[in-house]
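Input: a single structure, listed below in structure tokens.
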Amino acid sequence: MARHPRITFIGAGSTVFMKNIVGDVLQRPALSGATIALMDINPQRLEESAIVVNKLIATLGVKAKAETYSDQRKALAGADFVVVAFQIGGYEPCTVTDFEVPKKYGLRQTIADTLGVGGIMRGLRTVPHLWKICEDMLAVCPEAIMLQYVNPMAINTWAISEKYPTIKQVGLCHSVQGTAMELAHDLSLPYDEIRYRSAGINHMAFYLKFEHRQPDGSYRDLYPDLVRAYREGRAPKPGWNPRCPNKVRYEMLTRLGYFVTESSEHFAEYTPYFIKEGRPDLIEKYGIPLDEYPKRCIEQIERWKDQAQAYRSAQRIEVEESREYASSIMNSVWTGEPSVIYGNVRNNGCITSLPRDCAAEVPCLVDASGIQPTYIGDLPPQLTALIRTNINVQELTVRALMSENREHIYHAAMMDPHTAAELDLDQIWSLVDDLLAAHGDWLPAWARVSRKTEAA
């Protein structure tokens, strides 16, 4: 009898995300008999997720089964695929801390989950928990592939490859395909007629090619059309979030010649050009949504109350295909049917103008041999230069975690482009002190003592 895959979700209480992945998985014939092992530390969210999975199984009429666990290692035992999606410290208290403490210094942020002082703190909170998953995987499912959906993606991927190089892992984000869909919409073109190639690091990869298939089978470069549409005010078109008009990325396209894969609200805080003390004109001109992530968190929490009740009372849960890569990866590994995804992996020379040990986001071939990154070569020098400013912060955060050297946390904050554009050295160091103190037990023990405490 053919064996069915075992798919473990760590952080299964991220119910909407988990539902999208499971819905995709169960619609693939080779995966439809999977055992879905759900693990979360929150019993209520775990129960809600189990209800959703069982209703998905019933709706689709497949032979999959769901299991729930509060013990991580038991959930991982025998897994073929491990999907990780959690937020250490949640919206409250940790995200609130990441925004409110920097505000006292006049440092304003938009999302603060990837880079900047918010991203650094999130990395320090998150990586130790990912490392525990790696330890458990080596003990009970050493051949499993980790599909990692946690921010700060690049810091996490880098830290895992540094400490647990034998773990098969890929960091996954939907920004590459999501932005390609947005750009096709801006140009009123069908997405399935677009061809692109992207490379860089997570949230700062660029489309090296962005083209439209012509009736004769040839391809036409769309960059001139995008620049023209922006200059004529036809792009960007309104998106899903009226607070985020997406002007930053179009402006950077006119300066760099390439379009970046992650949103304008993110990109505004990865660079030193857009959020500046005493320059409200920039915030207005580019529509920078300050404090955007806390607003989204509050909206999401409110939405979930109604959604959870709806799932409990629903007889069926309708399934729409998501744009996540997880089920495509699982299907290709399980069946050998090849696919191409954009994944975050150890660079290993794929992008020759970036450090070998950094976490690069590149096209990857997936088949029965697993996830195989493709060679890119050098990026255009202006893209390499900008990406390196973000890699500096990621590298120093990983060095802090690996060496348990607290000084490198301060160094990482010093190197952050946005933080350095707003604050002086004394402010940066004092801000890091305050963030370490405010986060307390959410951080690993070696990071908890600030310089102020030591001096006292």
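Please note that chains go A, B, ... in the order of the structure tokens, that every chain numbers its residues from 1, and that ligands are numbered from 1 in the order shown.
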Quiz item: Near Ser49 of chain A, counting only C-alpha atoms, which residues have an atom at most 7 Å away, once you skip same-chain residues fewer than 2 positions from it, shown as a list of chain:residue names?
Solution: A:Ala12, A:Gly13, A:Thr15, A:Arg45, A:Leu46, A:Glu47, A:Ile51, A:Val52, A:Val53
Please identify the strand (DSSP E) residues within segment 20-139 of chain A (assignment by DSSP from backbone atoms) and present them as a short mmCIF file (atom, residue, chain, number, x, y, z; two decimals) with N, CA and C atoms, in the first residue's frame.
```
data_model
loop_
_atom_site.label_atom_id
_atom_site.label_comp_id
_atom_site.auth_asym_id
_atom_site.auth_seq_id
_atom_site.Cartn_x
_atom_site.Cartn_y
_atom_site.Cartn_z
N THR A 35 -1.52 12.71 6.54
CA THR A 35 -1.80 12.96 7.96
C THR A 35 -1.34 14.38 8.28
N ILE A 36 -2.27 15.19 8.77
CA ILE A 36 -1.97 16.58 9.10
C ILE A 36 -1.81 16.66 10.62
N ALA A 37 -0.57 16.84 11.08
CA ALA A 37 -0.30 16.93 12.52
C ALA A 37 -0.21 18.40 12.91
N LEU A 38 -1.13 18.81 13.78
CA LEU A 38 -1.22 20.22 14.17
C LEU A 38 -0.65 20.39 15.57
N MET A 39 0.28 21.33 15.73
CA MET A 39 0.85 21.60 17.05
C MET A 39 0.80 23.09 17.34
N LYS A 65 -6.26 12.75 7.40
CA LYS A 65 -6.71 12.79 8.80
C LYS A 65 -5.92 13.84 9.56
N ALA A 66 -6.54 14.36 10.61
CA ALA A 66 -5.91 15.41 11.41
C ALA A 66 -5.60 14.88 12.80
N GLU A 67 -4.45 15.29 13.33
CA GLU A 67 -4.06 14.98 14.71
C GLU A 67 -3.62 16.27 15.39
N THR A 68 -3.85 16.38 16.69
CA THR A 68 -3.43 17.59 17.41
C THR A 68 -2.43 17.24 18.51
N TYR A 69 -1.51 18.16 18.73
CA TYR A 69 -0.43 17.95 19.70
C TYR A 69 -0.12 19.25 20.43
N PHE A 81 7.23 16.64 5.97
CA PHE A 81 7.28 18.09 5.75
C PHE A 81 6.90 18.78 7.05
N VAL A 82 7.60 19.87 7.36
CA VAL A 82 7.33 20.62 8.58
C VAL A 82 7.06 22.07 8.18
N VAL A 83 5.84 22.53 8.38
CA VAL A 83 5.47 23.91 8.06
C VAL A 83 5.51 24.72 9.35
N VAL A 84 6.29 25.79 9.35
CA VAL A 84 6.47 26.60 10.56
C VAL A 84 5.87 27.98 10.33
#
```
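Across A:Ser403, A:Thr335, A:Ser263, A:Gln300, the tightest approach to Ala368 of chain A is made by A:Thr335 when counting only C-alpha atoms.
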Exercise. Report the distance between atom CA of Lys305 of chain A and atom CA of Ala326 of chain A in Å, rounded to one decimal place.
Key: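 Atom-to-atom, atom CA of Lys305 of chain A to atom CA of Ala326 of chain A, that is 26.5 Å.
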Quiz prompt | helix (DSSP H, G or I) residues, from DSSP on the backbone, in segment 162-351 of chain A, as a ChimeraX atom specification | solution = /A:162-163,175-186,191-193,223-231,247-256,264-267,280-286,292-313,326-335
Quiz prompt | Distance query segment 318-321 of chain A at most 8 Å, only C-alpha atoms, self and fewer than 5 positions along chain excluded, as a VMD selection string | solution = chain A and resid 20 23 to 24 56 59
Quiz item: Can you tell me, as a PyMOL selection string, what residues are no more than 10 Å from segment 413-424 of chain A when counting only C-alpha atoms, ignoring any on the same chain fewer than 3 positions away?
Solution: chain A and resi 102+105-109+115-121+268-277+386+389-394+396-397+408-410+427-429+431-432
Export, as a compact mmCIF listing (two decimals), in the first residue's frame, the selected residues with C-alpha atoms.
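Listing of part.txt after writing:
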```txt
# COMPACT_ATOMS: atom_id res chain seq x y z
CA PRO A 102 11.52 53.41 19.29
CA TYR A 105 13.32 58.35 20.34
CA GLY A 106 11.47 59.74 17.34
CA LEU A 107 12.13 56.56 15.31
CA ARG A 108 9.02 55.77 13.30
CA GLN A 109 8.38 52.44 11.56
CA LEU A 115 14.78 44.74 9.39
CA GLY A 116 15.39 47.77 11.58
CA VAL A 117 15.31 47.61 15.37
CA GLY A 118 11.94 45.85 15.22
CA GLY A 119 13.28 43.16 12.89
CA ILE A 120 16.43 42.70 14.98
CA MET A 121 14.39 42.18 18.16
CA ALA A 268 10.24 52.64 2.96
CA GLU A 269 11.89 51.36 6.16
CA TYR A 270 14.62 49.27 4.47
CA THR A 271 16.15 52.43 2.99
CA PRO A 272 17.10 55.86 4.42
CA TYR A 273 15.24 57.97 1.86
CA PHE A 274 11.57 58.14 2.82
CA ILE A 275 10.99 58.41 6.59
CA LYS A 276 12.94 61.38 7.88
CA GLU A 277 12.60 63.63 10.92
CA LEU A 386 21.47 48.39 -1.73
CA THR A 389 23.01 47.48 3.43
CA ASN A 390 20.29 45.08 4.59
CA ILE A 391 22.59 42.05 4.71
CA ASN A 392 24.86 43.96 7.14
CA VAL A 393 22.02 44.09 9.68
CA GLN A 394 21.05 40.45 9.12
CA LEU A 396 25.31 41.05 12.68
CA THR A 397 22.04 39.78 14.18
CA HIS A 408 26.59 42.70 17.98
CA ILE A 409 22.95 43.62 18.68
CA TYR A 410 24.07 47.24 19.01
CA GLN A 427 20.37 57.35 20.78
CA ILE A 428 20.80 54.03 18.95
CA TRP A 429 22.65 52.41 21.83
CA LEU A 431 17.27 52.57 22.31
CA VAL A 432 18.72 49.04 22.13
```
Practice problem: Skip Gln177 of chain A itself and residues of its chain fewer than 4 positions away, then list as a ChimeraX atom specification all residues within 9 Å of it, counting only C-alpha atoms. | Solution: /A:173,181-182,261,323-324,342
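Closest approach to His185 of chain A among A:Thr352, A:Ala229, A:Cys297, A:Ala154 is made by A:Ala229 (distances from only C-alpha atoms).
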Self-check item: Distance in Å - atom CA of Asp80 of chain A versus atom CA of Ile145 of chain A
Solution: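 Result for atom CA of Asp80 of chain A versus atom CA of Ile145 of chain A: 6.5 Å, one decimal.
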